[in-house]
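Peer 1: This is the structure I want to talk about, given as structure tokens.
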Amino acid sequence: MDQKRYELNVQLAQMLKGGVIMDVTNVEQAKIAEDAGAVAVMALERVPADIRKEGGVARMSDPAMIAEIKKAVSIPLMAKARIGHFVEAQILEALKVDYIDESEVLTPADEECHIDKTKFFIPFVCGARNLGEALRRIAEGAAMIRTKGEAGTGNVVEAVRHIRTVNREIRQLVNMPREEVTGFARTNGIPYELALQVRELGRLPVVNFAAGGIATPADAALMMQLGCDGIFVGSGIFKSENPAGRARAIVKATAYYNDPVKILEASMSLGKAMPGLEISDIPEGQLLAVRGW
Amino acid sequence: MVVLNMVRDNNEPGGFLLPKHVSPPTIGVLDLQGGVLEHLDHLQRLGINGTRVKEPPDFTNLAGLIIPGGESTCLSRLLYLYGIAETIIREFRRGMKIWGTCAGAILLARSVVGESPYLSLIDIEIERNSFGSQLESFTSEAVILQVSSQPVPLTFIRAPKITKSGKGVEIILRIDDYIAAAESPDVLVTVFHPELTGCVAFHRYFARKCGLEPLDDTKVPAVDPTWDNKSWTRFERKNK
């Protein structure tokens with residue numbers, strides 16, 4: 001992708017700022033999400049909570065199912081490819097989805113390399129637990145970043161850890177004399193030029209959304225107040241008792257994230273949230289956030 | 001007691017209202033979702049007082065309102081939650097001018113292909129996401145003498161097309177079979193995003209439409225060379 005195309009892809013993500021992107025597994029859910037005010041939907045066969053439960057190898061979803069959802073909604077459509085699986089990405093590009101999520105929720109196809117995203121015209125979003133990981137993905141061509149909270153748990157703790165880490169490292173960089181940037185970049189595995197850019201901007205050069213474990217309007221507003229530009233909700237909506245109501249409530253709380261009275265109102269009478277999982281109860285081999293580097 | 005700057009308000013009993021605060025004429029950017037900071041950046045380049053608006057009292061006495069790009073379905077849901085739509089229509093009748101970019105243009109159209117319209121403030125028909133997926137998003141350039149003597153860069157992102165315009169609507173830019181920019185005396189619509197380019201000409205044009213005096217092109221050229229695609233980040237939220 002040339003620079004112009006990359007800019008257009010970054011700018012599409014900018015237009016999603018302040019919005020909620022929802023995981024959906026069929027046309028009916030996609031319509032509920034769109035109607036609730038989602039700014040995009042992520043089409044996948046199984047939400048992370050089910051992937052976690054059922055185990056096995058999680059791959060890109062059936063393209064026919066993604067195509068059906070694409071036809072049913074007018075908002076942007078995202079779909080997931082496995083980390084490093086550039087052919088799944090080629091298929092999704094041929095299918096003309098709007099954004100590809102190179103996602104740790106699926107089983108990685110490559111333990112050494114992420115996809116070379118500069119080879120594509122289509123934009124990519126990638127997960128990151130810290131500044132180094134975010135900037136490595138951007139160097140590879142990602143046009144949007146998200147936290148890598150532990151998907152399918154309904155537990156926001158990891159996403160909070162990631163955004164706090166990124167913010168802390170950005171603050172360090174901003175306050176650092178220029179001659180210390182070289183060492184900081186080396187220690188954190190960051191391309192030097194990108195480190196300088198972040199130091200100047202005081203933030204990531206692309207939009208950074210929250211993802212992983214967001215289950216309530218309060219979770220969404222928390223991530224926004226911590227400085228995320230928008231929200232992904234995976235299992236949190238369609239694994240809850242009242243998906244349409246919860247979807248609307250999370251949209252409302254994201255738009256008015258600084259207004260406790262409106263978040264309170266959004267939080268009323270939503271029925272049961274998805275069941276949550278304590279991160280420490282997950283066997284180490286089944287943690288998703290540690291996939292990719 | 002000195003009362004400054006009394007403002008006539010025909011919708012208020014008594015007819016007069018004190019402004020919330022005495023400040024220079026202001027253009028608000030609807031801050032519900034989407035490209036808010038990008039518009040604020042352009043307004044500031046022109047020396048225009050810009051502010052985010054998201055609660056009904058924020059709209060009082062605005063000279064103009066920009067409805068930014070974003071997702072029109074999302075914006076439309078939020079518009080009707082807390083009385084924003086009614087407030088916009090009331091302030092519009094009072095004299096507030098409105099400019100909608102991309103999703104904003106959809107919200108302002110009298111007719112939206114395949115769905116019911118929203119604010120219905122300009123007599124155009126518009127088709128949502130009319131070019132296809134993100135792979136069909138593109139940039140181009142056009143000469144629009146009404147707006148600038150220099151060619152204007154255009155950025156289309158999953159853009160709508162204006163398919164028809166009615167009485168009282170002037171076409172500013174037509175490309176192939178569709179209309180890309182149009183206006184009525186009180187409303188401006190563009191399906192592309194001047195705020196995603198260095199072009200400040202449309203913001204200047206809109207500011208003048210609102211009766212304001214933006215810096216002219218001897219001070220800030222139509223395409224501001226000091227702009228880059230990260231300029232919006234200087235409006236980063238303070239609480240980060």
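As shown in the structure tokens, the chain order sets the letters A, B, ...; within each chain, residues go from 1, and ligands are also counted from 1 in the order they appear.
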Go through stretch 67-182 of chain B and flag each residue having an atom no more than 12 Å from stretch 245-251 of chain A; for those, report the closest pair of atoms plus their distance in Å to one decimal, using only C-alpha atoms, ordered by chain and rising number, as CSV.
Peer 2:
residue,atom,partner,partner_atom,distance
B:Thr73,CA,A:Val251,CA,11.5
B:Cys74,CA,A:Val251,CA,8.1
B:Leu75,CA,A:Val251,CA,10.2
B:Ser76,CA,A:Val251,CA,11.9
B:Arg77,CA,A:Arg248,CA,8.9
B:Leu78,CA,A:Val251,CA,8.4
B:Leu81,CA,A:Arg248,CA,10.5
Peer 1: Would you list the contacts of stretch 123-126 of chain A as a PyMOL selection string, taking every protein, DNA or RNA residue within 10 Å and counting only C-alpha atoms, but skipping same-chain residues closer than 2 positions in sequence?
Peer 2: (chain A and resi 1+5-10+12-13+78-81+83+89+93+97-104+114-115+117-118+120-121+128+133-134+137-138+140-148+207-209+292) or (chain B and resi 134-135)
Peer 1: I need the residues from that last selection saved to file as a CSV table (one decimal), in the first residue's frame (with C-alpha atoms), if you can.
Peer 2:
chain,number,residue,atom,x,y,z
A,1,MET,CA,0.0,0.0,0.0
A,5,ARG,CA,-3.7,4.5,0.7
A,6,TYR,CA,-2.3,4.1,4.2
A,7,GLU,CA,-3.5,7.6,5.2
A,8,LEU,CA,-7.0,6.8,3.9
A,9,ASN,CA,-7.0,3.7,6.1
A,10,VAL,CA,-5.8,5.6,9.2
A,12,LEU,CA,-11.3,5.6,8.3
A,13,ALA,CA,-10.3,4.6,11.8
A,78,MET,CA,-14.3,-6.1,10.0
A,79,ALA,CA,-13.2,-9.7,10.1
A,80,LYS,CA,-10.4,-11.5,11.8
A,81,ALA,CA,-7.3,-13.3,10.3
A,83,ILE,CA,-1.7,-13.7,13.4
A,89,ALA,CA,-5.8,-11.7,5.0
A,93,GLU,CA,-9.2,-8.4,1.1
A,97,VAL,CA,-14.4,-6.3,4.0
A,98,ASP,CA,-13.5,-2.8,5.3
A,99,TYR,CA,-10.9,-3.7,8.0
A,100,ILE,CA,-8.9,-6.8,9.0
A,101,ASP,CA,-8.2,-7.6,12.6
A,102,GLU,CA,-5.0,-9.6,12.8
A,103,SER,CA,-6.2,-11.2,16.0
A,104,GLU,CA,-4.8,-13.2,18.9
A,114,HIS,CA,3.1,-11.0,12.0
A,115,ILE,CA,1.5,-10.2,8.5
A,117,LYS,CA,0.5,-5.3,6.2
A,118,THR,CA,2.3,-2.9,3.9
A,120,PHE,CA,-2.1,-4.9,1.3
A,121,PHE,CA,-4.5,-2.1,0.3
A,128,ALA,CA,-0.9,-4.3,21.6
A,133,GLU,CA,4.1,-3.9,20.5
A,134,ALA,CA,1.9,-1.1,19.2
A,137,ARG,CA,2.5,-3.3,14.4
A,138,ILE,CA,2.4,0.2,13.1
A,140,GLU,CA,4.4,-3.4,9.8
A,141,GLY,CA,1.5,-1.3,8.4
A,142,ALA,CA,-1.3,-1.5,11.0
A,143,ALA,CA,-3.6,1.6,10.6
A,144,MET,CA,-5.3,1.2,13.9
A,145,ILE,CA,-4.3,-0.3,17.3
A,146,ARG,CA,-6.4,-1.8,20.1
A,147,THR,CA,-5.6,-3.1,23.5
A,148,LYS,CA,-5.2,-6.9,23.8
A,207,VAL,CA,-6.3,5.6,16.7
A,208,ASN,CA,-6.2,3.3,19.7
A,209,PHE,CA,-9.3,1.4,20.8
A,292,GLY,CA,2.0,-12.4,19.2
B,134,GLN,CA,-13.0,0.9,2.2
B,135,LEU,CA,-11.0,-0.4,-0.8
Peer 1: Please return, as an mmCIF file with N, CA and C atoms, in the first residue's frame, all residues of chain A lying within 9 Å of chain B when only C-alpha atoms are considered.
Peer 2:
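After the write, result07.cif holds the following:
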data_model
loop_
_atom_site.group_PDB
_atom_site.id
_atom_site.type_symbol
_atom_site.label_atom_id
_atom_site.label_comp_id
_atom_site.auth_asym_id
_atom_site.auth_seq_id
_atom_site.Cartn_x
_atom_site.Cartn_y
_atom_site.Cartn_z
ATOM 1 N N LYS A 4 -0.488 7.212 0.453
ATOM 2 C CA LYS A 4 -1.822 7.805 0.312
ATOM 3 C C LYS A 4 -2.894 6.824 0.809
ATOM 4 N N ARG A 5 -2.766 5.573 0.351
ATOM 5 C CA ARG A 5 -3.728 4.538 0.748
ATOM 6 C C ARG A 5 -3.659 4.317 2.263
ATOM 7 N N GLU A 7 -2.804 6.470 4.510
ATOM 8 C CA GLU A 7 -3.457 7.602 5.176
ATOM 9 C C GLU A 7 -4.982 7.458 5.160
ATOM 10 N N LEU A 8 -5.517 7.043 4.025
ATOM 11 C CA LEU A 8 -6.974 6.841 3.929
ATOM 12 C C LEU A 8 -7.431 5.794 4.944
ATOM 13 N N ASN A 9 -6.603 4.765 5.126
ATOM 14 C CA ASN A 9 -6.963 3.694 6.054
ATOM 15 C C ASN A 9 -6.903 4.166 7.509
ATOM 16 N N GLN A 11 -7.385 7.201 8.321
ATOM 17 C CA GLN A 11 -8.485 8.163 8.452
ATOM 18 C C GLN A 11 -9.844 7.485 8.619
ATOM 19 N N LEU A 12 -10.024 6.305 8.017
ATOM 20 C CA LEU A 12 -11.283 5.595 8.278
ATOM 21 C C LEU A 12 -11.381 5.302 9.781
ATOM 22 N N GLN A 14 -10.040 6.985 12.125
ATOM 23 C CA GLN A 14 -10.339 8.264 12.812
ATOM 24 C C GLN A 14 -11.846 8.547 12.820
ATOM 25 N N MET A 15 -12.520 8.172 11.745
ATOM 26 C CA MET A 15 -13.966 8.427 11.672
ATOM 27 C C MET A 15 -14.750 7.536 12.634
ATOM 28 N N LEU A 16 -14.085 6.500 13.154
ATOM 29 C CA LEU A 16 -14.764 5.599 14.098
ATOM 30 C C LEU A 16 -14.600 6.066 15.549
ATOM 31 N N LYS A 17 -13.778 7.103 15.761
ATOM 32 C CA LYS A 17 -13.495 7.579 17.121
ATOM 33 C C LYS A 17 -14.796 7.802 17.908
ATOM 34 N N GLY A 18 -14.740 7.432 19.168
ATOM 35 C CA GLY A 18 -15.903 7.658 20.027
ATOM 36 C C GLY A 18 -17.024 6.658 19.788
ATOM 37 N N GLY A 19 -16.740 5.633 18.986
ATOM 38 C CA GLY A 19 -17.777 4.660 18.654
ATOM 39 C C GLY A 19 -17.489 3.281 19.216
ATOM 40 N N VAL A 20 -18.470 2.382 19.015
ATOM 41 C CA VAL A 20 -18.375 1.016 19.528
ATOM 42 C C VAL A 20 -18.428 0.025 18.364
ATOM 43 N N GLU A 34 -26.115 -2.797 14.425
ATOM 44 C CA GLU A 34 -26.238 -1.586 13.613
ATOM 45 C C GLU A 34 -27.354 -0.700 14.169
ATOM 46 N N ASP A 35 -28.472 -1.329 14.485
ATOM 47 C CA ASP A 35 -29.609 -0.576 14.973
ATOM 48 C C ASP A 35 -29.315 0.092 16.317
ATOM 49 N N ALA A 36 -28.450 -0.539 17.099
ATOM 50 C CA ALA A 36 -28.110 0.030 18.413
ATOM 51 C C ALA A 36 -27.131 1.194 18.290
ATOM 52 N N GLY A 37 -26.549 1.369 17.086
ATOM 53 C CA GLY A 37 -25.621 2.482 16.902
ATOM 54 C C GLY A 37 -24.155 2.076 16.884
ATOM 55 N N ALA A 38 -23.870 0.802 16.585
ATOM 56 C CA ALA A 38 -22.460 0.394 16.425
ATOM 57 C C ALA A 38 -21.853 1.161 15.251
ATOM 58 N N VAL A 39 -20.554 1.494 15.327
ATOM 59 C CA VAL A 39 -19.905 2.165 14.198
ATOM 60 C C VAL A 39 -19.307 1.152 13.217
ATOM 61 N N ALA A 40 -19.247 -0.114 13.630
ATOM 62 C CA ALA A 40 -18.774 -1.171 12.743
ATOM 63 C C ALA A 40 -19.126 -2.492 13.403
ATOM 64 N N SER A 74 -24.951 -1.555 6.524
ATOM 65 C CA SER A 74 -24.283 -0.503 5.748
ATOM 66 C C SER A 74 -23.090 0.080 6.498
ATOM 67 N N ILE A 75 -22.915 -0.296 7.762
ATOM 68 C CA ILE A 75 -21.755 0.204 8.522
ATOM 69 C C ILE A 75 -20.522 -0.640 8.155
ATOM 70 N N PRO A 76 -19.309 -0.156 8.465
ATOM 71 C CA PRO A 76 -18.105 -0.903 8.095
ATOM 72 C C PRO A 76 -18.089 -2.310 8.700
ATOM 73 N N LEU A 77 -17.491 -3.210 7.936
ATOM 74 C CA LEU A 77 -17.414 -4.604 8.351
ATOM 75 C C LEU A 77 -15.959 -4.987 8.567
ATOM 76 N N GLU A 93 -9.315 -9.561 1.965
ATOM 77 C CA GLU A 93 -9.184 -8.404 1.085
ATOM 78 C C GLU A 93 -9.979 -8.638 -0.207
ATOM 79 N N LYS A 96 -13.430 -7.986 0.137
ATOM 80 C CA LYS A 96 -13.708 -6.556 0.312
ATOM 81 C C LYS A 96 -14.415 -6.239 1.621
ATOM 82 N N VAL A 97 -13.902 -6.805 2.714
ATOM 83 C CA VAL A 97 -14.352 -6.288 4.005
ATOM 84 C C VAL A 97 -13.699 -4.916 4.149
ATOM 85 N N ASP A 98 -14.051 -4.164 5.195
ATOM 86 C CA ASP A 98 -13.497 -2.810 5.329
ATOM 87 C C ASP A 98 -12.222 -2.782 6.161
ATOM 88 N N TYR A 99 -12.061 -3.726 7.072
ATOM 89 C CA TYR A 99 -10.913 -3.726 7.978
ATOM 90 C C TYR A 99 -10.601 -5.167 8.369
ATOM 91 N N PHE A 121 -3.821 -3.396 0.413
ATOM 92 C CA PHE A 121 -4.523 -2.120 0.288
ATOM 93 C C PHE A 121 -5.480 -1.930 1.450
ATOM 94 N N ILE A 122 -5.934 -3.040 1.979
ATOM 95 C CA ILE A 122 -6.964 -3.008 3.013
ATOM 96 C C ILE A 122 -6.327 -2.654 4.360
ATOM 97 N N PRO A 123 -7.055 -1.929 5.204
ATOM 98 C CA PRO A 123 -6.481 -1.585 6.506
ATOM 99 C C PRO A 123 -6.492 -2.746 7.507
ATOM 100 N N ASN A 167 0.067 4.316 27.972
ATOM 101 C CA ASN A 167 0.076 5.731 28.385
ATOM 102 C C ASN A 167 1.323 6.067 29.204
ATOM 103 N N LEU A 201 4.180 13.759 19.373
ATOM 104 C CA LEU A 201 2.710 13.833 19.394
ATOM 105 C C LEU A 201 2.136 13.672 20.800
ATOM 106 N N GLY A 202 2.841 12.918 21.642
ATOM 107 C CA GLY A 202 2.294 12.623 22.964
ATOM 108 C C GLY A 202 1.175 11.602 22.918
ATOM 109 N N ARG A 203 1.085 10.868 21.829
ATOM 110 C CA ARG A 203 0.115 9.781 21.724
ATOM 111 C C ARG A 203 0.523 8.894 20.547
ATOM 112 N N LEU A 204 -0.188 7.775 20.368
ATOM 113 C CA LEU A 204 0.077 6.953 19.197
ATOM 114 C C LEU A 204 -0.289 7.749 17.944
ATOM 115 N N PRO A 205 0.418 7.508 16.847
ATOM 116 C CA PRO A 205 0.096 8.234 15.617
ATOM 117 C C PRO A 205 -1.178 7.737 14.932
ATOM 118 N N VAL A 206 -1.753 6.642 15.408
ATOM 119 C CA VAL A 206 -3.032 6.166 14.872
ATOM 120 C C VAL A 206 -4.016 6.005 16.025
ATOM 121 N N GLN A 225 -12.283 6.930 29.565
ATOM 122 C CA GLN A 225 -11.667 7.908 30.474
ATOM 123 C C GLN A 225 -10.177 7.665 30.621
ATOM 124 N N LEU A 226 -9.751 6.432 30.424
ATOM 125 C CA LEU A 226 -8.314 6.136 30.476
ATOM 126 C C LEU A 226 -7.618 6.567 29.187
ATOM 127 N N GLY A 227 -8.371 7.037 28.212
ATOM 128 C CA GLY A 227 -7.743 7.626 27.035
ATOM 129 C C GLY A 227 -7.892 6.843 25.746
ATOM 130 N N CYS A 228 -8.671 5.760 25.742
ATOM 131 C CA CYS A 228 -8.896 5.045 24.479
ATOM 132 C C CYS A 228 -9.763 5.912 23.562
ATOM 133 N N ARG A 248 -27.123 -0.793 23.068
ATOM 134 C CA ARG A 248 -27.483 0.630 23.098
ATOM 135 C C ARG A 248 -26.836 1.328 24.282
ATOM 136 N N VAL A 251 -23.148 1.980 23.707
ATOM 137 C CA VAL A 251 -22.979 3.096 22.753
ATOM 138 C C VAL A 251 -23.156 4.429 23.491
ATOM 139 N N LYS A 252 -24.199 4.489 24.303
ATOM 140 C CA LYS A 252 -24.505 5.720 25.042
ATOM 141 C C LYS A 252 -23.367 6.059 26.012
ATOM 142 N N ALA A 255 -20.259 7.373 24.178
ATOM 143 C CA ALA A 255 -20.384 8.758 23.695
ATOM 144 C C ALA A 255 -20.329 9.752 24.857
ATOM 145 N N TYR A 256 -20.936 9.378 25.979
ATOM 146 C CA TYR A 256 -20.996 10.281 27.131
ATOM 147 C C TYR A 256 -20.122 9.765 28.269
#
Peer 1: Pick out the residues sitting within 9 Å of stretch 55-62 of chain A, and hand them over as JSON, numbers by chain; count only C-alpha atoms, and ignore anything fewer than 6 positions along from it in its own chain.
Peer 2: {"A": [43, 44, 45, 46, 79, 80, 81, 82, 88, 89, 92, 105, 106, 107, 108, 109, 286]}
Peer 1: Using only C-alpha atoms, find the one residue out of A:Gly189, A:Gly127, A:Gly276, A:Pro177 that sits nearest to A:His162.
Peer 2: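 Smallest separation from A:His162 among the options: A:Gly127.
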Peer 1: So, with only C-alpha atoms as the atoms that count, which of A:Lys119, A:Tyr192, A:Glu278, A:Pro243 lies closest to A:Asp2?
Peer 2: A:Lys119
Peer 1: If you run DSSP on this backbone, which residues of stretch 112-162 of chain A come out as strand (DSSP E or B), and could you give them as a count of residues only?
Peer 2: 9
Peer 1: Taking only C-alpha atoms into account, which of A:Arg129, A:Glu193, A:Phe238, A:Ala72 comes nearest A:Arg164?
Peer 2: A:Arg129
